[in-house]
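Next comes start-v7.txt, with compact mmCIF, C-alpha atoms.
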```txt
# COMPACT_ATOMS: atom_id res chain seq x y z
CA MET A 683 -17.97 -124.62 -126.18
CA PHE A 684 -21.02 -122.97 -127.75
CA LEU A 685 -18.98 -119.82 -128.27
CA THR A 686 -16.33 -121.83 -130.14
CA ILE A 687 -18.92 -123.43 -132.39
CA ALA A 688 -20.60 -120.08 -133.00
CA VAL A 689 -17.32 -118.36 -133.90
CA LEU A 690 -16.16 -121.05 -136.28
CA THR A 691 -19.56 -121.41 -137.90
CA SER A 692 -20.01 -117.71 -138.45
CA LEU A 693 -16.44 -117.39 -139.79
CA GLY A 694 -17.09 -120.23 -142.21
CA LEU A 695 -20.42 -118.78 -143.29
CA MET A 696 -18.91 -115.35 -143.83
CA LEU A 697 -16.05 -116.71 -145.96
CA GLY A 698 -18.54 -118.87 -147.82
CA PHE A 699 -20.69 -115.88 -148.71
CA ILE A 700 -17.64 -113.86 -149.80
CA LEU A 701 -16.47 -116.71 -152.04
CA GLY A 702 -19.93 -117.24 -153.44
CA TYR A 703 -20.16 -113.58 -154.34
CA ALA A 704 -16.63 -113.61 -155.82
CA ASP A 705 -17.59 -116.61 -157.94
CA LYS A 706 -20.39 -114.50 -159.46
CA ILE A 707 -18.05 -111.57 -160.15
CA PHE A 708 -15.21 -113.65 -161.59
CA ALA A 709 -17.42 -116.06 -163.52
CA VAL A 710 -15.76 -117.07 -166.78
CA GLU A 711 -18.21 -117.08 -169.65
CA GLU A 712 -17.55 -120.03 -171.86
CA ASP A 713 -19.33 -120.79 -175.09
CA PRO A 714 -21.11 -124.13 -174.50
CA LEU A 715 -20.55 -124.87 -178.17
CA ILE A 716 -16.77 -125.11 -177.52
CA LYS A 717 -17.33 -127.92 -175.02
CA ASP A 718 -19.56 -129.74 -177.51
CA VAL A 719 -17.04 -129.45 -180.34
CA GLU A 720 -14.19 -130.50 -178.03
CA SER A 721 -16.03 -133.65 -177.06
CA MET A 722 -16.45 -134.51 -180.75
CA LEU A 723 -12.71 -134.18 -181.49
CA PRO A 724 -10.47 -137.23 -180.93
CA GLY A 725 -8.95 -135.77 -177.74
CA THR A 726 -5.46 -137.11 -178.31
CA HIS A 727 -3.91 -133.60 -178.52
CA CYS A 728 -1.72 -134.76 -181.42
CA GLY A 729 -1.19 -131.24 -182.74
CA GLN A 730 -1.64 -132.07 -186.42
CA CYS A 731 -4.12 -129.20 -186.73
CA GLY A 732 -1.42 -126.74 -185.64
CA PHE A 733 -3.02 -125.96 -182.26
CA THR A 734 -1.68 -126.99 -178.88
CA GLY A 735 -4.50 -129.38 -178.17
CA CYS A 736 -8.03 -130.37 -179.01
CA GLY A 737 -9.38 -127.72 -176.63
CA SER A 738 -7.75 -124.79 -178.38
CA ALA A 739 -8.59 -126.30 -181.77
CA ALA A 740 -12.26 -126.49 -180.76
CA GLU A 741 -12.16 -122.86 -179.67
CA ALA A 742 -10.64 -121.79 -182.99
CA MET A 743 -13.21 -123.79 -184.95
CA VAL A 744 -16.12 -122.22 -183.08
CA ASN A 745 -14.64 -118.75 -183.60
CA GLY A 746 -14.25 -119.49 -187.29
CA GLU A 747 -10.44 -119.20 -187.20
CA ALA A 748 -9.88 -122.82 -188.16
CA ASP A 749 -11.45 -124.97 -190.80
CA VAL A 750 -13.56 -127.93 -189.74
CA THR A 751 -11.41 -130.09 -191.98
CA CYS A 752 -8.20 -129.35 -190.08
CA CYS A 753 -8.28 -132.53 -187.98
CA PRO A 754 -6.56 -135.33 -189.94
CA PRO A 755 -7.16 -138.14 -187.41
CA GLY A 756 -10.88 -137.38 -187.43
CA GLY A 757 -11.07 -137.78 -191.20
CA GLN A 758 -14.11 -137.17 -193.35
CA VAL A 759 -16.67 -138.37 -190.84
CA LEU A 760 -15.61 -135.90 -188.18
CA ALA A 761 -15.33 -133.03 -190.67
CA LYS A 762 -18.84 -133.72 -191.91
CA SER A 763 -20.39 -133.90 -188.44
CA LEU A 764 -18.50 -130.76 -187.37
CA ALA A 765 -19.75 -128.94 -190.46
CA ASP A 766 -23.32 -129.98 -189.59
CA LYS A 767 -22.88 -128.89 -185.99
CA LEU A 768 -21.41 -125.49 -186.79
CA GLY A 769 -23.55 -124.90 -189.86
CA VAL A 770 -20.67 -124.35 -192.30
CA SER A 771 -19.83 -126.04 -195.55
CA ALA A 772 -16.79 -128.30 -195.64
CA ASP A 773 -14.65 -129.34 -198.56
CA LEU A 774 -14.12 -133.02 -197.90
CA SER A 775 -12.07 -133.76 -201.01
CA ASN A 776 -8.63 -132.99 -199.49
CA LEU A 777 -9.11 -135.29 -196.57
CA THR A 778 -7.49 -138.65 -196.71
CA SER A 779 -8.20 -141.37 -194.27
CA VAL A 780 -4.62 -142.59 -193.93
CA PRO A 781 -1.92 -140.96 -191.78
CA LEU A 782 0.78 -139.07 -193.64
CA THR A 783 4.36 -138.47 -192.56
CA ALA A 784 7.00 -136.19 -194.00
CA SER A 785 10.16 -137.41 -195.66
CA VAL A 786 13.21 -135.61 -197.04
CA GLU A 787 14.27 -136.16 -200.65
CA GLU A 788 17.97 -136.70 -200.03
CA SER A 789 19.25 -135.64 -203.44
CA LEU A 790 17.72 -132.17 -203.10
CA CYS A 791 18.31 -131.31 -199.42
CA THR A 792 20.94 -128.59 -198.94
CA GLY A 793 21.00 -128.70 -195.16
CA CYS A 794 19.51 -125.23 -194.63
CA CYS A 795 18.00 -126.11 -191.22
CA ARG A 796 14.72 -124.34 -191.96
CA CYS A 797 12.50 -127.39 -191.68
CA PHE A 798 13.51 -128.54 -188.23
CA ARG A 799 13.08 -125.10 -186.75
CA VAL A 800 9.39 -125.10 -187.61
CA CYS A 801 8.75 -128.71 -186.62
CA PRO A 802 6.37 -128.69 -183.60
CA THR A 803 7.32 -132.19 -182.49
CA ASP A 804 11.13 -132.03 -183.06
CA ALA A 805 10.80 -134.92 -185.46
CA ILE A 806 13.48 -133.60 -187.85
CA VAL A 807 17.17 -133.87 -187.06
CA GLY A 808 20.13 -132.41 -188.90
CA ALA A 809 22.74 -129.67 -188.79
CA ASN A 810 23.85 -126.86 -191.02
CA LYS A 811 24.91 -128.22 -194.44
CA GLN A 812 24.13 -131.73 -193.28
CA LEU A 813 21.39 -133.92 -194.64
CA HIS A 814 18.16 -133.69 -192.64
CA TYR A 815 16.17 -136.70 -191.57
CA VAL A 816 12.61 -137.17 -190.36
CA PHE A 817 11.81 -139.58 -187.55
CA LYS A 818 8.57 -141.23 -188.67
CA ASP A 819 7.54 -142.11 -185.09
CA ALA A 820 7.54 -138.47 -184.01
CA CYS A 821 6.15 -136.93 -187.21
CA THR A 822 2.48 -135.93 -187.00
CA GLY A 823 2.20 -134.93 -190.65
CA CYS A 824 1.28 -131.32 -189.92
CA GLY A 825 2.95 -130.15 -193.14
CA LYS A 826 4.74 -127.15 -191.63
CA CYS A 827 8.14 -128.30 -192.93
CA VAL A 828 6.70 -128.72 -196.43
CA THR A 829 5.92 -125.01 -196.66
CA ALA A 830 9.17 -124.02 -194.94
CA CYS A 831 11.47 -125.95 -197.28
CA PRO A 832 13.00 -123.65 -199.94
CA GLU A 833 14.15 -126.61 -202.01
CA ASN A 834 10.73 -128.31 -202.16
CA CYS A 835 12.44 -131.48 -201.07
CA ILE A 836 10.04 -132.43 -198.29
CA ALA A 837 6.81 -134.18 -199.13
CA LEU A 838 4.12 -135.93 -197.18
CA HIS A 839 3.85 -139.60 -197.92
CA GLN A 840 1.55 -142.34 -196.96
CA GLU A 841 3.37 -144.66 -194.64
CA GLU A 842 4.10 -148.11 -195.91
CA GLU A 843 1.84 -150.66 -194.33
CA THR A 844 3.58 -153.09 -192.04
CA LEU A 845 2.33 -155.48 -189.41
CA ASP A 846 3.16 -152.87 -186.76
CA ASN A 847 1.10 -150.00 -188.12
CA TRP A 848 -1.78 -151.76 -189.84
CA HIS A 849 -5.22 -150.81 -188.57
CA TRP A 850 -8.81 -151.17 -189.63
CA PRO A 851 -9.88 -148.64 -192.23
CA LYS A 852 -11.72 -145.60 -190.90
CA PRO A 853 -15.47 -145.35 -191.49
CA ALA A 854 -16.14 -143.47 -194.71
CA VAL A 855 -18.94 -141.03 -195.42
CA VAL A 856 -21.76 -142.77 -197.23
CA MET B 1083 12.38 -96.21 -141.39
CA GLU B 1084 11.54 -98.98 -138.95
CA LEU B 1085 9.24 -100.52 -141.55
CA ILE B 1086 11.97 -100.44 -144.21
CA THR B 1087 14.35 -102.17 -141.81
CA LEU B 1088 11.70 -104.78 -141.07
CA MET B 1089 11.10 -105.27 -144.79
CA VAL B 1090 14.79 -105.69 -145.72
CA GLY B 1091 15.25 -107.91 -142.69
CA THR B 1092 12.43 -110.23 -143.79
CA VAL B 1093 13.44 -110.37 -147.44
CA LEU B 1094 17.16 -111.01 -146.98
CA VAL B 1095 18.14 -111.79 -143.39
CA ASN B 1096 15.19 -113.84 -142.17
CA ASN B 1097 14.23 -115.19 -145.57
CA VAL B 1098 11.25 -117.55 -145.13
CA VAL B 1099 12.57 -120.22 -147.46
CA LEU B 1100 16.31 -120.27 -147.01
CA VAL B 1101 16.67 -119.25 -143.36
CA LYS B 1102 13.38 -120.36 -141.76
CA PHE B 1103 12.96 -123.32 -144.16
CA LEU B 1104 9.26 -122.77 -144.78
CA GLY B 1105 7.60 -123.43 -148.13
CA LEU B 1106 10.14 -125.87 -149.53
CA CYS B 1107 7.47 -127.84 -151.40
CA PRO B 1108 6.70 -125.16 -154.01
CA LEU B 1109 10.42 -124.33 -154.14
CA MET B 1110 11.08 -127.83 -155.47
CA GLY B 1111 7.78 -128.26 -157.29
CA VAL B 1112 7.33 -125.12 -159.40
CA SER B 1113 10.91 -124.03 -159.96
CA ASN B 1114 11.45 -125.94 -163.21
CA LYS B 1115 10.54 -123.04 -165.44
CA PHE B 1116 11.26 -119.35 -165.01
CA SER B 1117 7.84 -118.14 -166.22
CA THR B 1118 5.88 -120.55 -164.00
CA ALA B 1119 8.02 -119.57 -161.01
CA THR B 1120 7.23 -115.90 -161.60
CA GLY B 1121 3.50 -116.63 -161.77
CA MET B 1122 3.66 -118.72 -158.62
CA GLY B 1123 5.61 -115.95 -156.87
CA VAL B 1124 2.97 -113.36 -157.72
CA ALA B 1125 0.11 -115.64 -156.66
CA THR B 1126 1.81 -116.51 -153.36
CA THR B 1127 2.60 -112.84 -152.69
CA PHE B 1128 -1.08 -112.01 -153.04
CA VAL B 1129 -2.24 -114.90 -150.85
CA LEU B 1130 0.42 -114.36 -148.19
CA THR B 1131 -0.19 -110.64 -147.78
CA LEU B 1132 -3.96 -111.01 -147.73
CA SER B 1133 -3.91 -113.91 -145.26
CA CYS B 1134 -1.48 -112.02 -142.98
CA MET B 1135 -3.83 -109.05 -142.88
CA SER B 1136 -7.00 -111.07 -142.34
CA GLY B 1137 -5.19 -113.27 -139.80
CA TRP B 1138 -4.24 -110.21 -137.78
CA LEU B 1139 -7.80 -108.85 -137.93
CA ILE B 1140 -9.31 -112.16 -136.84
CA GLU B 1141 -6.82 -112.55 -133.99
CA HIS B 1142 -7.29 -109.05 -132.62
CA TYR B 1143 -11.01 -108.46 -133.24
CA ILE B 1144 -12.54 -111.92 -132.84
CA LEU B 1145 -10.28 -114.35 -131.00
CA GLU B 1146 -8.66 -112.07 -128.44
CA PRO B 1147 -11.85 -110.35 -127.15
CA LEU B 1148 -13.59 -113.73 -126.87
CA ASN B 1149 -10.50 -115.35 -125.28
CA LEU B 1150 -10.42 -118.07 -127.93
CA GLN B 1151 -6.74 -117.94 -128.91
CA TYR B 1152 -6.53 -121.74 -129.04
CA LEU B 1153 -8.65 -121.58 -132.22
CA ARG B 1154 -5.92 -119.59 -133.97
CA ILE B 1155 -4.51 -122.34 -136.18
CA ILE B 1156 -7.84 -123.70 -137.42
CA CYS B 1157 -9.17 -120.18 -138.10
CA PHE B 1158 -6.04 -119.24 -140.03
CA ILE B 1159 -6.22 -122.41 -142.10
CA LEU B 1160 -9.84 -121.54 -142.93
CA VAL B 1161 -8.86 -118.03 -144.00
CA VAL B 1162 -5.87 -119.22 -146.06
CA ALA B 1163 -8.04 -121.76 -147.87
CA ALA B 1164 -10.64 -119.10 -148.68
CA VAL B 1165 -8.03 -116.61 -149.90
CA VAL B 1166 -6.44 -119.26 -152.14
CA GLN B 1167 -9.84 -120.10 -153.60
CA PHE B 1168 -10.42 -116.41 -154.24
CA THR B 1169 -7.01 -116.07 -155.93
CA GLU B 1170 -7.71 -119.06 -158.14
CA MET B 1171 -10.99 -117.52 -159.32
CA MET B 1172 -9.22 -114.26 -160.04
CA ILE B 1173 -6.38 -115.86 -162.01
CA LYS B 1174 -8.83 -118.03 -163.94
CA LYS B 1175 -10.66 -114.89 -164.98
CA SER B 1176 -7.66 -112.66 -165.69
CA SER B 1177 -5.09 -115.08 -167.11
CA PRO B 1178 -6.31 -118.52 -168.28
CA LEU B 1179 -2.80 -119.31 -169.53
CA LEU B 1180 -1.22 -118.81 -166.11
CA HIS B 1181 -4.07 -120.83 -164.63
CA ARG B 1182 -3.23 -123.70 -166.94
CA THR B 1183 0.54 -123.60 -166.33
CA LEU B 1184 0.27 -123.39 -162.54
CA GLY B 1185 -2.23 -126.25 -162.56
CA ILE B 1186 -2.39 -128.20 -159.31
CA PHE B 1187 0.17 -125.97 -157.57
CA LEU B 1188 -2.30 -123.11 -157.39
CA PRO B 1189 -4.76 -124.81 -154.98
CA LEU B 1190 -1.73 -126.29 -153.23
CA ILE B 1191 -0.75 -122.80 -152.01
CA THR B 1192 -3.21 -123.68 -149.23
CA THR B 1193 -0.75 -126.26 -147.94
CA ASN B 1194 2.26 -123.99 -148.38
CA CYS B 1195 3.51 -123.85 -144.81
CA ALA B 1196 5.06 -120.41 -145.43
CA VAL B 1197 1.59 -118.87 -145.67
CA LEU B 1198 0.33 -120.24 -142.36
CA GLY B 1199 3.77 -119.92 -140.78
CA VAL B 1200 4.15 -116.21 -141.52
CA ALA B 1201 0.61 -115.48 -140.27
CA LEU B 1202 1.40 -117.28 -137.00
CA ILE B 1203 4.83 -115.63 -136.59
CA ASN B 1204 3.07 -112.26 -137.02
CA ILE B 1205 0.94 -112.96 -133.95
CA SER B 1206 3.72 -114.40 -131.81
CA GLU B 1207 5.97 -111.40 -132.58
CA GLY B 1208 3.19 -109.04 -131.47
CA PHE B 1209 3.26 -106.88 -134.61
CA SER B 1210 0.83 -104.03 -135.25
CA PHE B 1211 -1.45 -104.17 -138.32
CA ILE B 1212 0.89 -102.14 -140.55
CA GLU B 1213 3.90 -104.07 -139.30
CA SER B 1214 2.27 -107.43 -139.94
CA MET B 1215 1.30 -106.30 -143.45
CA THR B 1216 4.90 -105.23 -144.10
CA TYR B 1217 6.15 -108.50 -142.69
CA GLY B 1218 3.75 -110.40 -144.97
CA ILE B 1219 4.83 -108.47 -148.06
CA GLY B 1220 8.51 -108.84 -147.14
CA ALA B 1221 8.18 -112.57 -146.55
CA SER B 1222 6.41 -113.09 -149.86
CA ILE B 1223 8.94 -110.95 -151.76
CA GLY B 1224 11.67 -113.06 -150.16
CA PHE B 1225 9.83 -116.22 -151.18
CA SER B 1226 9.34 -115.03 -154.78
CA LEU B 1227 12.95 -113.86 -155.00
CA VAL B 1228 14.29 -117.25 -153.98
CA LEU B 1229 11.79 -119.11 -156.17
CA ILE B 1230 12.68 -117.08 -159.27
CA MET B 1231 16.40 -117.25 -158.57
CA PHE B 1232 16.16 -120.99 -158.04
CA ALA B 1233 14.17 -121.43 -161.27
CA GLY B 1234 16.92 -119.62 -163.17
CA LEU B 1235 19.53 -121.90 -161.62
CA ARG B 1236 17.52 -125.02 -162.37
CA GLU B 1237 17.02 -124.01 -166.00
CA ARG B 1238 20.80 -123.97 -166.29
CA LEU B 1239 21.17 -127.17 -164.28
CA ALA B 1240 18.88 -128.93 -166.73
CA LEU B 1241 21.34 -128.20 -169.53
CA SER B 1242 24.52 -129.09 -167.65
CA GLU B 1243 26.01 -132.51 -167.19
CA VAL B 1244 25.21 -133.78 -163.73
CA PRO B 1245 26.56 -137.12 -162.44
CA LYS B 1246 23.84 -139.74 -162.69
CA THR B 1247 23.61 -140.21 -158.91
CA PHE B 1248 22.85 -136.54 -158.37
CA ALA B 1249 20.63 -135.83 -161.37
CA GLY B 1250 17.22 -134.33 -160.71
CA THR B 1251 16.05 -133.53 -157.18
CA PRO B 1252 19.32 -134.33 -155.31
CA VAL B 1253 21.33 -131.71 -157.18
CA ALA B 1254 18.46 -129.25 -156.75
CA LEU B 1255 18.53 -129.82 -152.99
CA VAL B 1256 22.30 -129.38 -152.90
CA THR B 1257 21.89 -126.12 -154.82
CA ALA B 1258 19.23 -124.98 -152.38
CA GLY B 1259 21.61 -125.72 -149.52
CA ILE B 1260 24.40 -123.65 -151.08
CA LEU B 1261 21.90 -120.85 -151.74
CA SER B 1262 20.86 -121.01 -148.09
CA MET B 1263 24.51 -120.64 -147.01
CA ILE B 1264 24.85 -117.61 -149.29
CA PHE B 1265 21.86 -116.02 -147.58
CA MET B 1266 23.58 -116.49 -144.20
CA GLY B 1267 26.00 -113.87 -145.47
CA PHE B 1268 23.26 -111.25 -145.07
CA GLY B 1269 23.20 -112.08 -141.35
CA GLY B 1270 24.67 -108.86 -140.00
CA LEU B 1271 22.85 -106.55 -142.40
CA VAL B 1272 20.05 -105.38 -140.12
```
Now that the file is in, can you turn its structure into structure tokens?
Amino acid sequence: MFLTIAVLTSLGLMLGFILGYADKIFAVEEDPLIKDVESMLPGTHCGQCGFTGCGSAAEAMVNGEADVTCCPPGGQVLAKSLADKLGVSADLSNLTSVPLTASVEESLCTGCCRCFRVCPTDAIVGANKQLHYVFKDACTGCGKCVTACPENCIALHQEEETLDNWHWPKPAVV
Amino acid sequence: MELITLMVGTVLVNNVVLVKFLGLCPLMGVSNKFSTATGMGVATTFVLTLSCMSGWLIEHYILEPLNLQYLRIICFILVVAAVVQFTEMMIKKSSPLLHRTLGIFLPLITTNCAVLGVALINISEGFSFIESMTYGIGASIGFSLVLIMFAGLRERLALSEVPKTFAGTPVALVTAGILSMIFMGFGGLV
């Protein structure tokens, strides 16, 4: 019995030491600032910033590849606190505090299909030489279709307020 | 020559998944996407080969001299768990993207019965060290082959119109069954 215990214990200890050593070798260095910034972001992974999620957006912000104002749901308050945290200046004037969605101006659309190819959420439907349409529920207002449209017929609009989508106004910067 | 025969025999004739029916959980779980299946195949290949080799060493240098063969299963489980942990660390370091896509299925290689099964078959067949390594590599190549093939089939299945009763896992299981019958055709090869 003692032999059994000794064998299993020593085997476990040996594997434990190997794993502990491997953990040191394969340690992934992560900037602690990225974790901090990620915890400040809304964490809904909505994709309006153009990144896959809040984690990759935080990484890009810390590396200086993305602007601190790129998070629309966060609004001015978040942009300001991010700018303070990262020590950069932020232009708060373009930020609105209401959600925007895209819509197609039907008299101008030629059905070229370019907008729905770039749409990250598949919110645009349509076919070649057919009028395109934006589903408001799926649109995150990222603005990619606006730049892709050769006819300039897509614009971002403030959604009309109804009882379903009304919410308290976001806190503004004093 | 003998080793090549053993290898071909393990990959095609005695395929772990479709003939021995080991490791069906990852076959159903990670075969939705081609790229994920490839990553899983590579990770399992690494784990399987390494655990086969360390299993053989433990059996022949620790358990057999001490006459403790009844500890075989628990020792092998310990080794497999450690190797999986090691693989996870390595993948996390080398490819964070793969680490994210494999997700929970990476630590679940521990419970992949093919890994433990092949290590135990190695001992019961009385293979030498080189033979057991070849057997491990062959078994994992067979596993990856089936997993990748199955992922390709399922990507097509997802686009085709399947009767509502069969949609999802049932049709995947039926496909796996047909695939298994196809592999019986290799029966007389070696």
Give the residues of chain A that lie within 10 Å of chain B; count only C-alpha atoms, and format the answer as a list in words. Leu685, Thr686, Val689, Leu690, Leu693, Gly694, Leu697, Gly698, Ile700, Leu701, Gly702, Ala704, Asp705, Lys706, Ile707, Phe708, Ala709, Val710 and Glu711 of chain A
Gap from atom CA of A:Ile836 to atom CA of A:Thr792 - Å, one decimal: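 Distance between the two atoms: 11.6 Å.
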Protein and nucleic acid residues near (-1.3, -116.1, -162.9) (cut-off 12 Å, only C-alpha atoms) as JSON, numbers by chain: {"B": [1117, 1118, 1119, 1120, 1121, 1122, 1123, 1124, 1125, 1126, 1127, 1128, 1169, 1170, 1171, 1172, 1173, 1174, 1175, 1176, 1177, 1178, 1179, 1180, 1181, 1182, 1183, 1184, 1185, 1187, 1188]}
Between B:Val1099, B:Leu1088, B:Leu1132, B:Ala1258, which residue has the minimum interatomic distance to B:Phe1232, considering all atoms listed in the file?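 Of B:Val1099, B:Leu1088, B:Leu1132, B:Ala1258, the one nearest B:Phe1232, counting all atoms listed in the file, is B:Ala1258.
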Box for stretch 1091-1106 of chain B - axis-aligned, 3 Å on each of the six sides, all listed atoms - centre and size in Å to one decimal, as JSON.
```
{"center_x": 12.9, "center_y": -116.9, "center_z": -145.6, "size_x": 16.5, "size_y": 24.0, "size_z": 13.8}
```
Can you tell me, as a tab-separated table (two decimals) with C-alpha atoms, in the frame of the given file, what residues are no more than 12 Å from A:Pro714 when counting only C-alpha atoms, ignoring any on the same chain fewer than 4 positions away?
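selection_27.tsv was written with the following content:
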```
chain	number	residue	atom	x	y	z
A	710	VAL	CA	-15.76	-117.07	-166.78
A	718	ASP	CA	-19.56	-129.74	-177.51
A	719	VAL	CA	-17.04	-129.45	-180.34
A	720	GLU	CA	-14.19	-130.50	-178.03
A	721	SER	CA	-16.03	-133.65	-177.06
A	740	ALA	CA	-12.26	-126.49	-180.76
A	741	GLU	CA	-12.16	-122.86	-179.67
A	744	VAL	CA	-16.12	-122.22	-183.08
```
For atom CA of A:Asp819 and atom CA of A:Ser785, determine how far apart the two atoms are, in Å to one decimal place.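 These atoms are spaced 11.9 Å apart.
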So which residues touch stretch 1190-1199 of chain B within 7 Å, counting all atoms listed in the file, skipping near sequence neighbours fewer than 5 positions away, as a PDB file with C-alpha atoms, in the frame of the given file?
```
ATOM      1  CA  VAL B1098      11.250-117.550-145.130  1.00  0.00           C
ATOM      2  CA  LEU B1104       9.260-122.770-144.780  1.00  0.00           C
ATOM      3  CA  GLY B1105       7.600-123.430-148.130  1.00  0.00           C
ATOM      4  CA  THR B1126       1.810-116.510-153.360  1.00  0.00           C
ATOM      5  CA  LEU B1130       0.420-114.360-148.190  1.00  0.00           C
ATOM      6  CA  PHE B1158      -6.040-119.240-140.030  1.00  0.00           C
ATOM      7  CA  ILE B1159      -6.220-122.410-142.100  1.00  0.00           C
ATOM      8  CA  VAL B1162      -5.870-119.220-146.060  1.00  0.00           C
ATOM      9  CA  ALA B1163      -8.040-121.760-147.870  1.00  0.00           C
ATOM     10  CA  VAL B1166      -6.440-119.260-152.140  1.00  0.00           C
TER      11      VAL B1166
END
```
Contacts of stretch 1217-1222 of chain B at 6 Å (all atoms listed in the file; same-chain gap of 6+ positions) as a PyMOL selection string: chain B and resi 1089+1092-1093+1127+1131+1134
Figure out the distance between atom CA of A:Ala820 and atom CA of A:Asp846, please, to one decimal in Å.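 Result for atom CA of A:Asp846 versus atom CA of A:Ala820: 15.3 Å, one decimal.
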Need the shell around stretch 795-801 of chain A: protein/DNA/RNA residues with any atom at most 12 Å away, counting all atoms listed in the file. Skip same-chain ones fewer than 2 positions apart. Format as an mmCIF file with C-alpha atoms, keeping the file's coordinate frame?
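In the end it all went to selection.cif:
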```cif
data_model
loop_
_atom_site.group_PDB
_atom_site.id
_atom_site.type_symbol
_atom_site.label_atom_id
_atom_site.label_comp_id
_atom_site.auth_asym_id
_atom_site.auth_seq_id
_atom_site.Cartn_x
_atom_site.Cartn_y
_atom_site.Cartn_z
ATOM 1 C CA GLY A 729 -1.190 -131.240 -182.740
ATOM 2 C CA GLN A 730 -1.640 -132.070 -186.420
ATOM 3 C CA GLY A 732 -1.420 -126.740 -185.640
ATOM 4 C CA ALA A 784 7.000 -136.190 -194.000
ATOM 5 C CA SER A 785 10.160 -137.410 -195.660
ATOM 6 C CA VAL A 786 13.210 -135.610 -197.040
ATOM 7 C CA CYS A 791 18.310 -131.310 -199.420
ATOM 8 C CA THR A 792 20.940 -128.590 -198.940
ATOM 9 C CA GLY A 793 21.000 -128.700 -195.160
ATOM 10 C CA THR A 803 7.320 -132.190 -182.490
ATOM 11 C CA ASP A 804 11.130 -132.030 -183.060
ATOM 12 C CA ALA A 805 10.800 -134.920 -185.460
ATOM 13 C CA ILE A 806 13.480 -133.600 -187.850
ATOM 14 C CA VAL A 807 17.170 -133.870 -187.060
ATOM 15 C CA GLY A 808 20.130 -132.410 -188.900
ATOM 16 C CA ALA A 809 22.740 -129.670 -188.790
ATOM 17 C CA ASN A 810 23.850 -126.860 -191.020
ATOM 18 C CA LYS A 811 24.910 -128.220 -194.440
ATOM 19 C CA GLN A 812 24.130 -131.730 -193.280
ATOM 20 C CA LEU A 813 21.390 -133.920 -194.640
ATOM 21 C CA HIS A 814 18.160 -133.690 -192.640
ATOM 22 C CA TYR A 815 16.170 -136.700 -191.570
ATOM 23 C CA VAL A 816 12.610 -137.170 -190.360
ATOM 24 C CA PHE A 817 11.810 -139.580 -187.550
ATOM 25 C CA ALA A 820 7.540 -138.470 -184.010
ATOM 26 C CA CYS A 821 6.150 -136.930 -187.210
ATOM 27 C CA THR A 822 2.480 -135.930 -187.000
ATOM 28 C CA GLY A 823 2.200 -134.930 -190.650
ATOM 29 C CA CYS A 824 1.280 -131.320 -189.920
ATOM 30 C CA GLY A 825 2.950 -130.150 -193.140
ATOM 31 C CA LYS A 826 4.740 -127.150 -191.630
ATOM 32 C CA CYS A 827 8.140 -128.300 -192.930
ATOM 33 C CA VAL A 828 6.700 -128.720 -196.430
ATOM 34 C CA THR A 829 5.920 -125.010 -196.660
ATOM 35 C CA ALA A 830 9.170 -124.020 -194.940
ATOM 36 C CA CYS A 831 11.470 -125.950 -197.280
ATOM 37 C CA PRO A 832 13.000 -123.650 -199.940
ATOM 38 C CA GLU A 833 14.150 -126.610 -202.010
ATOM 39 C CA ASN A 834 10.730 -128.310 -202.160
ATOM 40 C CA CYS A 835 12.440 -131.480 -201.070
ATOM 41 C CA ILE A 836 10.040 -132.430 -198.290
ATOM 42 C CA ALA A 837 6.810 -134.180 -199.130
#
```
